[in-house]
file model01.txt (compact mmCIF, C-alpha atoms)
# COMPACT_ATOMS: atom_id res chain seq x y z
CA MET A 1 -36.05 30.44 -64.00
CA LYS A 2 -34.96 32.34 -67.09
CA LEU A 3 -34.55 36.04 -66.72
CA ASP A 4 -36.23 37.89 -69.57
CA ASN A 5 -34.63 41.13 -70.70
CA LYS A 6 -35.55 43.97 -68.38
CA LYS A 7 -37.89 41.76 -66.42
CA LYS A 8 -40.04 43.34 -63.74
CA PHE A 9 -39.56 41.02 -60.81
CA GLY A 10 -42.72 40.09 -58.99
CA TYR A 11 -42.79 39.06 -55.37
CA VAL A 12 -39.97 36.60 -54.66
CA PRO A 13 -40.68 34.80 -51.36
CA GLU A 14 -37.10 33.51 -51.15
CA LEU A 15 -35.92 37.07 -50.57
CA ASP A 16 -38.16 37.31 -47.53
CA GLY A 17 -36.73 33.92 -46.57
CA MET A 18 -33.22 35.41 -46.70
CA ARG A 19 -34.44 38.22 -44.48
CA GLY A 20 -35.88 35.70 -42.07
CA VAL A 21 -32.56 33.91 -41.75
CA ALA A 22 -30.68 37.21 -41.44
CA ILE A 23 -32.89 38.67 -38.71
CA LEU A 24 -32.78 35.46 -36.66
CA ALA A 25 -28.97 35.51 -36.84
CA VAL A 26 -28.88 39.13 -35.68
CA MET A 27 -31.32 38.46 -32.84
CA ILE A 28 -29.34 35.46 -31.61
CA PHE A 29 -26.17 37.55 -31.75
CA HIS A 30 -27.70 40.42 -29.78
CA ALA A 31 -29.10 37.98 -27.23
CA GLY A 32 -25.50 37.10 -26.44
CA ALA A 33 -25.52 33.49 -27.58
CA PRO A 34 -21.88 32.33 -27.59
CA PHE A 35 -22.42 29.90 -30.46
CA LEU A 36 -23.23 32.66 -32.97
CA GLN A 37 -20.86 35.50 -32.11
CA GLY A 38 -20.68 36.46 -35.79
CA GLY A 39 -24.45 36.67 -36.28
CA PHE A 40 -24.07 40.41 -36.94
CA ILE A 41 -23.36 39.55 -40.60
CA GLY A 42 -27.13 39.23 -40.94
CA VAL A 43 -27.10 43.02 -41.26
CA ASP A 44 -24.77 42.73 -44.24
CA ILE A 45 -27.22 40.37 -45.90
CA PHE A 46 -29.91 43.02 -45.37
CA PHE A 47 -27.64 45.63 -46.95
CA VAL A 48 -27.02 43.57 -50.08
CA LEU A 49 -30.75 42.86 -50.42
CA SER A 50 -31.58 46.55 -50.01
CA GLY A 51 -29.12 47.60 -52.68
CA PHE A 52 -30.37 44.91 -55.04
CA LEU A 53 -34.08 45.60 -54.61
CA ILE A 54 -33.94 49.39 -54.63
CA THR A 55 -31.81 49.35 -57.78
CA SER A 56 -34.17 46.88 -59.47
CA LEU A 57 -37.21 48.99 -58.63
CA ILE A 58 -35.60 52.17 -59.92
CA ILE A 59 -34.46 50.59 -63.18
CA ASN A 60 -37.86 48.96 -63.74
CA GLU A 61 -39.60 52.32 -63.32
CA TYR A 62 -37.04 54.10 -65.49
CA ASP A 63 -37.34 51.53 -68.28
CA SER A 64 -41.13 51.76 -68.17
CA SER A 65 -41.40 55.53 -68.28
CA SER A 66 -37.90 56.82 -69.17
CA SER A 67 -37.92 58.71 -65.88
CA LEU A 68 -38.01 58.32 -62.12
CA ASN A 69 -40.49 60.19 -59.98
CA LEU A 70 -38.23 60.99 -57.05
CA LYS A 71 -41.06 62.46 -54.99
CA ASN A 72 -43.05 59.23 -55.25
CA PHE A 73 -39.94 57.16 -54.59
CA TYR A 74 -39.11 58.97 -51.36
CA MET A 75 -42.73 58.98 -50.24
CA ARG A 76 -42.87 55.20 -50.67
CA ARG A 77 -39.74 54.84 -48.56
CA LEU A 78 -41.22 57.14 -45.90
CA ILE A 79 -44.50 55.23 -45.78
CA ARG A 80 -42.68 51.91 -45.57
CA LEU A 81 -40.12 52.77 -42.92
CA ALA A 82 -41.28 55.70 -40.81
CA PRO A 83 -44.45 54.49 -39.01
CA ALA A 84 -42.85 51.52 -37.23
CA LEU A 85 -39.78 53.56 -36.29
CA PHE A 86 -41.93 56.42 -35.00
CA LEU A 87 -43.89 53.98 -32.85
CA LEU A 88 -40.69 52.57 -31.34
CA LEU A 89 -39.28 56.03 -30.64
CA LEU A 90 -42.56 57.24 -29.13
CA VAL A 91 -42.80 54.26 -26.77
CA PHE A 92 -39.12 54.58 -25.88
CA THR A 93 -39.46 58.28 -25.13
CA LEU A 94 -42.58 57.91 -23.01
CA LEU A 95 -41.25 54.99 -20.98
CA SER A 96 -37.94 56.81 -20.40
CA ALA A 97 -39.79 59.86 -19.09
CA LEU A 98 -42.02 57.78 -16.82
CA LEU A 99 -39.61 55.19 -15.45
CA LEU A 100 -36.10 56.64 -15.45
CA SER A 101 -34.27 59.40 -13.64
CA LYS A 102 -34.27 62.85 -15.20
CA ASP A 103 -30.66 62.61 -16.40
CA LYS A 104 -31.07 59.17 -17.94
CA ALA A 105 -34.37 60.15 -19.53
CA GLN A 106 -32.77 63.21 -21.08
CA SER A 107 -29.93 61.08 -22.43
CA ASN A 108 -32.44 58.68 -23.96
CA HIS A 109 -34.36 61.57 -25.49
CA ILE A 110 -31.17 62.75 -27.20
CA ASP A 111 -30.73 59.20 -28.51
CA THR A 112 -34.27 59.38 -29.85
CA ILE A 113 -33.54 62.58 -31.77
CA ILE A 114 -30.33 61.13 -33.20
CA SER A 115 -32.21 58.01 -34.31
CA LEU A 116 -35.13 60.01 -35.69
CA PHE A 117 -32.83 61.94 -38.01
CA TYR A 118 -30.97 58.78 -39.04
CA MET A 119 -27.61 59.87 -37.66
CA SER A 120 -26.96 56.99 -35.26
CA ASN A 121 -24.19 55.53 -37.39
CA TRP A 122 -22.13 58.73 -37.31
CA ALA A 123 -22.83 59.25 -33.61
CA ARG A 124 -21.40 55.78 -33.00
CA ALA A 125 -18.57 56.16 -35.52
CA PHE A 126 -17.23 59.32 -33.85
CA SER A 127 -18.43 58.58 -30.29
CA ILE A 128 -20.65 61.67 -30.20
CA HIS A 129 -23.40 60.61 -27.78
CA PRO A 130 -23.70 57.13 -29.34
CA PRO A 131 -27.22 55.76 -28.74
CA ASP A 132 -27.43 53.13 -26.03
CA TYR A 133 -30.75 51.29 -26.11
CA LEU A 134 -31.22 52.48 -29.70
CA GLY A 135 -27.73 51.56 -30.79
CA HIS A 136 -29.03 49.18 -33.44
CA THR A 137 -30.47 52.09 -35.44
CA TRP A 138 -27.00 52.63 -36.90
CA SER A 139 -27.89 50.28 -39.76
CA LEU A 140 -31.19 52.07 -40.39
CA SER A 141 -29.24 55.32 -40.62
CA ILE A 142 -26.86 53.86 -43.18
CA GLU A 143 -29.74 52.57 -45.29
CA GLU A 144 -31.60 55.88 -45.13
CA GLN A 145 -28.50 57.81 -46.18
CA PHE A 146 -28.11 55.32 -49.02
CA TYR A 147 -31.76 55.83 -50.04
CA ILE A 148 -31.10 59.56 -50.32
CA LEU A 149 -27.87 59.36 -52.32
CA TRP A 150 -28.14 56.31 -54.58
CA PRO A 151 -31.43 57.05 -56.46
CA LEU A 152 -30.08 60.46 -57.49
CA THR A 153 -26.78 58.91 -58.53
CA LEU A 154 -28.39 56.04 -60.40
CA LEU A 155 -30.80 58.36 -62.21
CA GLY A 156 -27.84 60.43 -63.39
CA LEU A 157 -26.04 57.29 -64.56
CA LEU A 158 -29.11 56.01 -66.43
CA ARG A 159 -29.41 59.33 -68.26
CA THR A 160 -25.70 59.44 -69.06
CA PHE A 161 -24.91 55.88 -70.12
CA THR A 162 -26.96 53.65 -72.41
CA ASN A 163 -24.71 50.66 -71.79
CA ARG A 164 -25.92 49.07 -68.56
CA TRP A 165 -22.70 47.13 -68.13
CA VAL A 166 -20.98 50.49 -67.65
CA ILE A 167 -23.44 51.36 -64.87
CA ALA A 168 -22.96 47.96 -63.24
CA PHE A 169 -19.19 48.46 -63.42
CA ILE A 170 -19.48 51.90 -61.80
CA ALA A 171 -21.57 50.46 -58.96
CA PHE A 172 -19.00 47.70 -58.52
CA SER A 173 -16.23 50.33 -58.54
CA PHE A 174 -18.01 52.20 -55.74
CA ALA A 175 -18.04 48.96 -53.76
CA ILE A 176 -14.33 48.35 -54.32
CA SER A 177 -13.56 51.95 -53.35
CA ALA A 178 -15.41 51.61 -50.03
CA TRP A 179 -13.58 48.35 -49.32
CA LEU A 180 -10.19 49.94 -50.06
CA LEU A 181 -11.08 52.96 -47.91
CA ARG A 182 -11.87 50.62 -45.03
CA ILE A 183 -8.48 48.94 -45.41
CA TYR A 184 -6.73 52.31 -45.59
CA LEU A 185 -8.45 53.55 -42.44
CA ILE A 186 -7.73 50.44 -40.40
CA ASP A 187 -4.09 50.57 -41.48
CA ASN A 188 -3.99 54.16 -40.24
CA GLY A 189 -5.39 53.46 -36.80
CA SER A 190 -9.12 54.14 -37.16
CA SER A 191 -11.28 52.60 -34.46
CA PHE A 192 -13.53 49.63 -35.04
CA GLU A 193 -16.50 51.89 -34.23
CA ARG A 194 -15.52 54.22 -37.10
CA LEU A 195 -15.03 51.35 -39.52
CA TYR A 196 -18.17 49.46 -38.53
CA ASN A 197 -20.60 52.39 -38.54
CA GLY A 198 -19.49 54.72 -41.32
CA LEU A 199 -21.55 54.85 -44.49
CA ASP A 200 -18.35 55.32 -46.45
CA THR A 201 -16.75 52.23 -44.93
CA ARG A 202 -19.83 49.99 -45.24
CA ALA A 203 -21.15 51.16 -48.61
CA ASP A 204 -19.47 48.26 -50.41
CA THR A 205 -22.15 45.87 -49.13
CA LEU A 206 -24.97 48.04 -50.46
CA MET A 207 -23.21 48.78 -53.75
CA MET A 208 -22.50 45.14 -54.44
CA GLY A 209 -26.24 44.52 -54.30
CA CYS A 210 -26.75 47.54 -56.56
CA ALA A 211 -24.36 46.13 -59.17
CA LEU A 212 -26.29 42.85 -59.21
CA GLY A 213 -29.57 44.77 -59.41
CA VAL A 214 -28.38 46.61 -62.52
CA ILE A 215 -27.31 43.36 -64.19
CA LEU A 216 -30.46 41.34 -63.50
CA SER A 217 -33.10 44.06 -63.92
CA SER A 218 -31.48 45.19 -67.19
CA GLY A 219 -31.50 41.66 -68.60
CA LEU A 220 -27.75 41.60 -69.18
CA LEU A 221 -27.42 37.84 -68.71
CA SER A 222 -28.20 35.90 -71.87
CA ASN A 223 -29.78 32.45 -71.70
CA LYS A 224 -26.42 30.91 -72.61
CA ILE A 225 -24.69 32.70 -69.73
CA GLN A 226 -27.46 31.65 -67.38
CA LEU A 227 -27.03 28.01 -68.33
CA VAL A 228 -23.32 28.18 -67.58
CA LEU A 229 -23.95 30.02 -64.31
CA SER A 230 -26.63 27.53 -63.34
CA LYS A 231 -24.17 24.64 -63.36
CA TRP A 232 -21.50 26.48 -61.43
CA LEU A 233 -23.85 28.07 -58.92
CA SER A 234 -25.49 24.76 -58.06
CA ILE A 235 -22.09 23.70 -56.71
CA LEU A 236 -20.88 27.07 -55.43
CA ALA A 237 -23.99 28.26 -53.57
CA PRO A 238 -24.06 25.43 -50.98
CA CYS A 239 -20.35 25.98 -50.31
CA VAL A 240 -20.99 29.68 -49.85
CA ILE A 241 -23.73 28.99 -47.29
CA LEU A 242 -21.32 26.80 -45.33
CA CYS A 243 -18.79 29.65 -45.38
CA LEU A 244 -21.40 32.10 -44.06
CA VAL A 245 -22.27 29.68 -41.26
CA PHE A 246 -18.58 29.32 -40.40
CA ILE A 247 -18.15 33.12 -40.27
CA SER A 248 -21.28 33.42 -38.09
CA ILE A 249 -19.84 30.97 -35.59
CA THR A 250 -16.21 32.06 -35.47
CA MET A 251 -15.89 35.78 -36.20
CA THR A 252 -16.34 38.82 -33.95
CA TRP A 253 -16.96 42.38 -35.08
CA THR A 254 -13.69 43.51 -33.52
CA ASN A 255 -11.61 41.02 -35.48
CA PRO A 256 -9.43 43.02 -37.92
CA LYS A 257 -9.93 40.31 -40.53
CA MET A 258 -13.57 41.42 -40.82
CA TYR A 259 -12.47 44.81 -42.13
CA TYR A 260 -9.68 43.58 -44.37
CA TRP A 261 -11.56 40.90 -46.26
CA VAL A 262 -14.36 39.07 -44.42
CA PHE A 263 -17.05 41.76 -44.85
CA PHE A 264 -16.19 41.84 -48.55
CA ALA A 265 -16.41 38.06 -48.70
CA VAL A 266 -19.82 38.09 -46.99
CA GLU A 267 -21.26 40.46 -49.58
CA ILE A 268 -19.85 38.40 -52.44
CA PHE A 269 -21.32 35.26 -50.89
CA THR A 270 -24.71 36.97 -50.55
CA VAL A 271 -24.61 38.06 -54.20
CA ILE A 272 -23.84 34.47 -55.20
CA ILE A 273 -26.87 33.21 -53.26
CA LEU A 274 -29.11 35.87 -54.81
CA LEU A 275 -27.89 35.04 -58.29
CA HIS A 276 -28.40 31.35 -57.58
CA LEU A 277 -32.00 31.97 -56.54
CA PHE A 278 -32.80 33.73 -59.81
CA VAL A 279 -30.96 31.28 -62.06
CA ASN A 280 -31.71 27.94 -60.37
CA ARG A 281 -35.37 28.16 -59.50
CA ASP A 282 -35.85 24.59 -58.23
CA SER A 283 -32.78 24.19 -56.08
CA PHE A 284 -32.67 22.97 -52.51
CA ILE A 285 -31.72 26.46 -51.36
CA HIS A 286 -34.78 27.85 -53.09
CA LYS A 287 -37.00 25.34 -51.30
CA LEU A 288 -35.32 26.04 -47.97
CA LEU A 289 -35.76 29.80 -48.21
CA SER A 290 -39.33 29.56 -49.48
CA MET A 291 -40.59 27.64 -46.44
CA LYS A 292 -43.66 29.46 -45.17
CA TRP A 293 -42.46 30.02 -41.64
CA ILE A 294 -39.13 31.56 -42.60
CA VAL A 295 -40.81 33.70 -45.28
CA TRP A 296 -43.26 34.92 -42.63
CA VAL A 297 -40.41 35.78 -40.25
CA GLY A 298 -38.81 37.73 -43.09
CA SER A 299 -42.05 39.59 -43.77
CA ILE A 300 -42.03 41.06 -40.25
CA SER A 301 -38.24 41.37 -40.05
CA TYR A 302 -38.29 45.17 -39.94
CA GLY A 303 -40.34 45.18 -36.76
CA LEU A 304 -38.26 42.38 -35.30
CA TYR A 305 -35.13 44.39 -35.93
CA LEU A 306 -36.58 47.56 -34.44
CA TRP A 307 -37.87 46.00 -31.22
CA HIS A 308 -35.55 43.14 -30.35
CA TYR A 309 -32.51 45.23 -29.39
CA PRO A 310 -34.09 47.58 -26.83
CA ILE A 311 -36.08 44.68 -25.36
CA TYR A 312 -32.95 42.56 -24.99
CA ARG A 313 -30.97 45.49 -23.60
CA VAL A 314 -33.60 46.27 -20.97
CA MET A 315 -33.73 42.64 -19.89
CA LYS A 316 -29.94 42.44 -19.65
CA SER A 317 -29.85 45.65 -17.58
CA LEU A 318 -32.35 44.02 -15.20
CA ASP A 319 -30.01 41.01 -14.82
CA TYR A 320 -32.13 38.48 -16.67
CA SER A 321 -30.14 35.43 -17.67
CA GLY A 322 -29.07 34.78 -21.25
CA TYR A 323 -31.62 31.99 -21.46
CA GLU A 324 -34.42 34.31 -20.32
CA VAL A 325 -33.37 36.99 -22.79
CA ILE A 326 -33.34 34.65 -25.75
CA THR A 327 -36.63 32.96 -24.82
CA TYR A 328 -38.88 35.48 -23.08
CA GLY A 329 -37.27 38.44 -24.84
CA THR A 330 -37.73 36.83 -28.23
CA PHE A 331 -41.36 35.96 -27.45
CA ILE A 332 -42.08 39.57 -26.45
CA THR A 333 -40.28 40.82 -29.56
CA PHE A 334 -42.39 38.65 -31.85
CA MET A 335 -45.61 39.71 -30.16
CA VAL A 336 -44.83 43.43 -30.42
CA SER A 337 -43.56 43.08 -34.00
CA MET A 338 -46.69 41.23 -35.09
CA LEU A 339 -48.91 43.93 -33.60
CA SER A 340 -46.83 46.61 -35.30
CA PHE A 341 -46.92 44.85 -38.67
CA TYR A 342 -50.59 43.86 -38.83
CA PHE A 343 -52.15 46.89 -37.13
CA LEU A 344 -49.77 49.71 -38.14
CA GLU A 345 -47.36 48.92 -40.97
CA LYS A 346 -49.61 46.84 -43.20
CA PRO A 347 -52.64 49.22 -43.14
CA ILE A 348 -50.42 52.25 -43.79
CA LEU A 349 -48.71 50.47 -46.69
CA LYS A 350 -51.97 50.86 -48.64
CA LEU A 351 -51.09 54.55 -48.96
CA LYS A 352 -48.17 53.58 -51.18
CA ARG A 353 -50.61 53.07 -54.05
CA LYS A 354 -51.06 56.83 -54.25
CA PHE A 355 -47.35 57.19 -54.98
CA SER A 356 -46.85 54.17 -57.20
CA GLY A 357 -48.11 55.31 -60.57
CA ASN A 358 -48.88 52.88 -63.36
CA ASN A 359 -45.34 51.73 -63.98
CA THR A 360 -44.33 50.52 -60.56
CA PRO A 361 -43.54 46.78 -60.30
CA ASN A 362 -45.60 44.32 -58.36
CA LYS A 363 -46.54 45.95 -55.06
CA LYS A 364 -45.50 42.94 -52.99
CA ILE A 365 -41.85 43.42 -53.83
CA GLN A 366 -42.27 47.04 -52.73
CA ARG A 367 -43.26 45.83 -49.26
CA THR A 368 -39.93 44.11 -48.83
CA VAL A 369 -37.70 47.16 -49.22
call {"tool": "encode", "arguments": {"input": "model01.txt", "output": "C-alpha cells"}}
result
Amino acid sequence: MKLDNKKKFGYVPELDGMRGVAILAVMIFHAGAPFLQGGFIGVDIFFVLSGFLITSLIINEYDSSSSLNLKNFYMRRLIRLAPALFLLLLVFTLLSALLLSKDKAQSNHIDTIISLFYMSNWARAFSIHPPDYLGHTWSLSIEEQFYILWPLTLLGLLRTFTNRWVIAFIAFSFAISAWLLRIYLIDNGSSFERLYNGLDTRADTLMMGCALGVILSSGLLSNKIQLVLSKWLSILAPCVILCLVFISITMTWTNPKMYYWVFFAVEIFTVIILLHLFVNRDSFIHKLLSMKWIVWVGSISYGLYLWHYPIYRVMKSLDYSGYEVITYGTFITFMVSMLSFYFLEKPILKLKRKFSGNNTPNKKIQRTV
C-alpha cells in the first residue's frame, strides 16, 4: 500500500488486530499463566498505537482546516473512554458497599476516586493508597494525561514548524529523554513501582508512536523510500515478532533489563510492525492481524481491559485455581465486555458525530483510539 502525501487513514483492521493480540497477552499475564510472564508488554503495544493514532488524527484535522478544535477533540475522547469506565467504577463501588466490610469498602471507594480522576499511576508510583482491584487503571491514567498534554504540544509545534521532519525529530527526542530519565532513576535507586507507573518514565512508548504518526500522516516517506523499506521490513518484521514473543515468555516487570533497554526495544519493535503494515499491505503479518476473530477481540479490547483485572483479582481472592481464573474468569470478562460495548459504548459513540466537524477522518478509526 502506497502512502499518499498527507493521507487520511481510513479504518485499518490490522490495528484492531494488534489490539486483540495485545489484550490477550495482558489478560493471560494477569491470570497468572507462568508461560507468559512478560505479557504485560501488551500495554506498551497499546501505548505505541495510541500515540500513533492520536497524532495522525490531529495532523489530519490540522492539515484539513489549518487548526485543531481542542474542545471537540477532548469531547471525543470523553465520549469514547468515559462511559465504560464509569460503568466499571459504579459497579465496583456498589458491590463494595454491599458485600464488603466498612473499612474495605471505604478503601475501595478511595481507589474509585483515584481511578476516576486518572491518578492511579502516580498513586502506584509513590505508594500513596495504590489501587488494589483497580490497579490496572494506571495505564488509563497515563494515556489520559498524555491526551491532555500532547495535543496542546503538537498544536504548538505544527504552528511553529513547517518542516514535519523537525516535529517528528522533536517527538523522537521526547521519547529518548524519557528513556534516559528512566535509566537515570534506576541507577539512583528508584523503585520499580516508580519506574513502571510514572508518565515521565513511560512516555517514550507513547512518543515513539507519535513520531511515526507525524511521519506517516504527513506523507514524509516517498515512494522510493517505501520500496526500500518494503524489502527490509518484509525480513525484519517477522524477526521482530519472534523477539516480542521471546520477551513475553522470559521477562518479568521487575527485571532491571526492562527499564534499561527492553521497554525501549519493545516500542521500536512495535513501530517496525506498524510501519510494515502500512508499507507491505499483502504480507503474512497483515493477513494474520486482519483475521476477523482477532480484529473483533481488538474492537472490544477497551472493555476487556477494564473488566478482566478486577474479575481475575476477585476470583484469586476467593481461592479459585489458576485454571478456573483463566477459563471462567475470561468467559465472564468477555460476556461483560460485550454487553458494555454493544449496549453502552457503541450507542454512545454516535454522539461523537456532533464533535467531529467536516474535516475529521473516517469515523471508524476514531472508534479505535
call {"tool": "residues_around", "arguments": {"input": "model01.txt", "residues": "A:Asn280", "least_positions_apart": "6", "cutoff": "10 Å", "atoms": "all atoms listed in the file", "output": "mmCIF file with C-alpha atoms, in the frame of the given file"}}
result
data_model
loop_
_atom_site.group_PDB
_atom_site.id
_atom_site.type_symbol
_atom_site.label_atom_id
_atom_site.label_comp_id
_atom_site.auth_asym_id
_atom_site.auth_seq_id
_atom_site.Cartn_x
_atom_site.Cartn_y
_atom_site.Cartn_z
ATOM 1 C CA MET A 1 -36.050 30.440 -64.000
ATOM 2 C CA LYS A 2 -34.960 32.340 -67.090
ATOM 3 C CA GLN A 226 -27.460 31.650 -67.380
ATOM 4 C CA LEU A 227 -27.030 28.010 -68.330
ATOM 5 C CA LEU A 229 -23.950 30.020 -64.310
ATOM 6 C CA SER A 230 -26.630 27.530 -63.340
ATOM 7 C CA LYS A 231 -24.170 24.640 -63.360
ATOM 8 C CA LEU A 233 -23.850 28.070 -58.920
ATOM 9 C CA SER A 234 -25.490 24.760 -58.060
ATOM 10 C CA HIS A 286 -34.780 27.850 -53.090
#
call {"tool": "axis_aligned_box", "arguments": {"input": "model01.txt", "around": "stretch 76-91 of chain A", "padding_each_side": "3 Å", "output": "AutoDock Vina command-line options"}}
result
--center_x -41.9 --center_y 54.4 --center_z -38.7 --size_x 11.2 --size_y 11.7 --size_z 29.9
call {"tool": "closest_atom_pairs", "arguments": {"input": "model01.txt", "of": "stretch 22-55 of chain A", "to": "stretch 142-162 of chain A", "cutoff": "10 Å", "atoms": "all atoms listed in the file", "output": "JSON lines"}}
result
{"residue": "A:Phe46", "atom": "CA", "partner": "A:Glu143", "partner_atom": "CA", "distance": 9.6}
{"residue": "A:Phe47", "atom": "CA", "partner": "A:Glu143", "partner_atom": "CA", "distance": 7.4}
{"residue": "A:Ser50", "atom": "CA", "partner": "A:Glu143", "partner_atom": "CA", "distance": 7.9}
{"residue": "A:Gly51", "atom": "CA", "partner": "A:Phe146", "partner_atom": "CA", "distance": 8.6}
{"residue": "A:Ile54", "atom": "CA", "partner": "A:Tyr147", "partner_atom": "CA", "distance": 8.2}
{"residue": "A:Thr55", "atom": "CA", "partner": "A:Pro151", "partner_atom": "CA", "distance": 7.8}
call {"tool": "residues_near_point", "arguments": {"input": "model01.txt", "point": "(-32.9, 54.5, -27.2)", "cutoff": "12 Å", "atoms": "all atoms listed in the file", "output": "JSON, numbers by chain"}}
result
{"A": [85, 88, 89, 90, 91, 92, 93, 94, 95, 96, 97, 104, 105, 106, 107, 108, 109, 110, 111, 112, 113, 114, 115, 116, 120, 129, 130, 131, 132, 133, 134, 135, 136, 137, 138, 306, 307, 309, 310, 311, 313, 314]}
call {"tool": "closest_residue", "arguments": {"input": "model01.txt", "among": "A:Ile249, A:Pro347, A:Ala125, A:His308", "to": "A:Pro34", "atoms": "only C-alpha atoms"}}
result
A:Ile249
call {"tool": "atom_distance", "arguments": {"input": "model01.txt", "atom1": "atom CA of A:Phe269", "atom2": "atom CA of A:Leu244"}}
result
7.5 Å
call {"tool": "residues_around", "arguments": {"input": "model01.txt", "residues": "A:Ile268", "least_positions_apart": "4", "cutoff": "8 Å", "atoms": "only C-alpha atoms", "output": "PyMOL selection string"}}
result
chain A and resi 208+264+272
call {"tool": "closest_residue", "arguments": {"input": "model01.txt", "among": "A:Leu181, A:Met119, A:Leu99, A:Ile59", "to": "A:Leu216", "atoms": "only C-alpha atoms"}}
result
A:Ile59
call {"tool": "atom_distance", "arguments": {"input": "model01.txt", "atom1": "atom CA of A:Leu24", "atom2": "atom CA of A:Gln37"}}
result
12.8 Å
call {"tool": "atom_distance", "arguments": {"input": "model01.txt", "atom1": "atom CA of A:Ile326", "atom2": "atom CA of A:Asn121"}}
result
25.6 Å
call {"tool": "closest_residue", "arguments": {"input": "model01.txt", "among": "A:Gly10, A:Ile23, A:Ile294, A:Ala211", "to": "A:Thr333", "atoms": "all atoms listed in the file"}}
result
A:Ile23
call {"tool": "closest_residue", "arguments": {"input": "model01.txt", "among": "A:Val266, A:Lys224, A:Ala25, A:Leu180", "to": "A:Val240", "atoms": "only C-alpha atoms"}}
result
A:Val266
call {"tool": "closest_residue", "arguments": {"input": "model01.txt", "among": "A:Arg202, A:Lys287, A:Arg194, A:Arg353", "to": "A:Ser177", "atoms": "only C-alpha atoms"}}
result
A:Arg202
call {"tool": "closest_residue", "arguments": {"input": "model01.txt", "among": "A:Asn163, A:Val21, A:Arg281, A:Leu275", "to": "A:Ser301", "atoms": "all atoms listed in the file"}}
result
A:Val21
call {"tool": "build_atoms", "arguments": {"input": "model01.txt", "residues": "stretch 111-124 of chain A", "atoms": "N, CA, C and O atoms", "output": "mmCIF file, in the frame of the given file"}}
result
data_model
loop_
_atom_site.group_PDB
_atom_site.id
_atom_site.type_symbol
_atom_site.label_atom_id
_atom_site.label_comp_id
_atom_site.auth_asym_id
_atom_site.auth_seq_id
_atom_site.Cartn_x
_atom_site.Cartn_y
_atom_site.Cartn_z
ATOM 1 N N ASP A 111 -30.863 60.379 -27.643
ATOM 2 C CA ASP A 111 -30.730 59.200 -28.510
ATOM 3 C C ASP A 111 -31.895 59.110 -29.483
ATOM 4 O O ASP A 111 -31.722 58.735 -30.657
ATOM 5 N N THR A 112 -33.093 59.429 -28.999
ATOM 6 C CA THR A 112 -34.270 59.380 -29.850
ATOM 7 C C THR A 112 -34.148 60.364 -31.010
ATOM 8 O O THR A 112 -34.458 60.023 -32.161
ATOM 9 N N ILE A 113 -33.696 61.564 -30.724
ATOM 10 C CA ILE A 113 -33.540 62.580 -31.770
ATOM 11 C C ILE A 113 -32.491 62.142 -32.792
ATOM 12 O O ILE A 113 -32.692 62.273 -34.007
ATOM 13 N N ILE A 114 -31.382 61.612 -32.295
ATOM 14 C CA ILE A 114 -30.330 61.130 -33.200
ATOM 15 C C ILE A 114 -30.876 60.032 -34.110
ATOM 16 O O ILE A 114 -30.618 60.021 -35.324
ATOM 17 N N SER A 115 -31.640 59.112 -33.526
ATOM 18 C CA SER A 115 -32.210 58.010 -34.310
ATOM 19 C C SER A 115 -33.264 58.505 -35.283
ATOM 20 O O SER A 115 -33.368 58.009 -36.410
ATOM 21 N N LEU A 116 -34.067 59.473 -34.844
ATOM 22 C CA LEU A 116 -35.130 60.010 -35.690
ATOM 23 C C LEU A 116 -34.580 60.633 -36.954
ATOM 24 O O LEU A 116 -35.172 60.500 -38.032
ATOM 25 N N PHE A 117 -33.438 61.290 -36.853
ATOM 26 C CA PHE A 117 -32.830 61.940 -38.010
ATOM 27 C C PHE A 117 -31.794 61.052 -38.703
ATOM 28 O O PHE A 117 -31.009 61.536 -39.516
ATOM 29 N N TYR A 118 -31.822 59.778 -38.378
ATOM 30 C CA TYR A 118 -30.970 58.780 -39.040
ATOM 31 C C TYR A 118 -29.496 59.184 -39.006
ATOM 32 O O TYR A 118 -28.803 59.146 -40.032
ATOM 33 N N MET A 119 -29.013 59.519 -37.821
ATOM 34 C CA MET A 119 -27.610 59.870 -37.660
ATOM 35 C C MET A 119 -26.905 58.976 -36.647
ATOM 36 O O MET A 119 -25.795 59.282 -36.197
ATOM 37 N N SER A 120 -27.535 57.871 -36.282
ATOM 38 C CA SER A 120 -26.960 56.990 -35.260
ATOM 39 C C SER A 120 -25.614 56.428 -35.677
ATOM 40 O O SER A 120 -24.721 56.239 -34.837
ATOM 41 N N ASN A 121 -25.456 56.136 -36.954
ATOM 42 C CA ASN A 121 -24.190 55.530 -37.390
ATOM 43 C C ASN A 121 -23.025 56.481 -37.185
ATOM 44 O O ASN A 121 -21.948 56.091 -36.720
ATOM 45 N N TRP A 122 -23.224 57.773 -37.490
ATOM 46 C CA TRP A 122 -22.130 58.730 -37.310
ATOM 47 C C TRP A 122 -21.909 59.041 -35.838
ATOM 48 O O TRP A 122 -20.762 59.283 -35.412
ATOM 49 N N ALA A 123 -22.987 59.054 -35.052
ATOM 50 C CA ALA A 123 -22.830 59.250 -33.610
ATOM 51 C C ALA A 123 -21.981 58.134 -33.006
ATOM 52 O O ALA A 123 -21.133 58.369 -32.130
ATOM 53 N N ARG A 124 -22.200 56.917 -33.481
ATOM 54 C CA ARG A 124 -21.400 55.780 -33.000
ATOM 55 C C ARG A 124 -19.984 55.828 -33.576
ATOM 56 O O ARG A 124 -19.016 55.536 -32.875
#
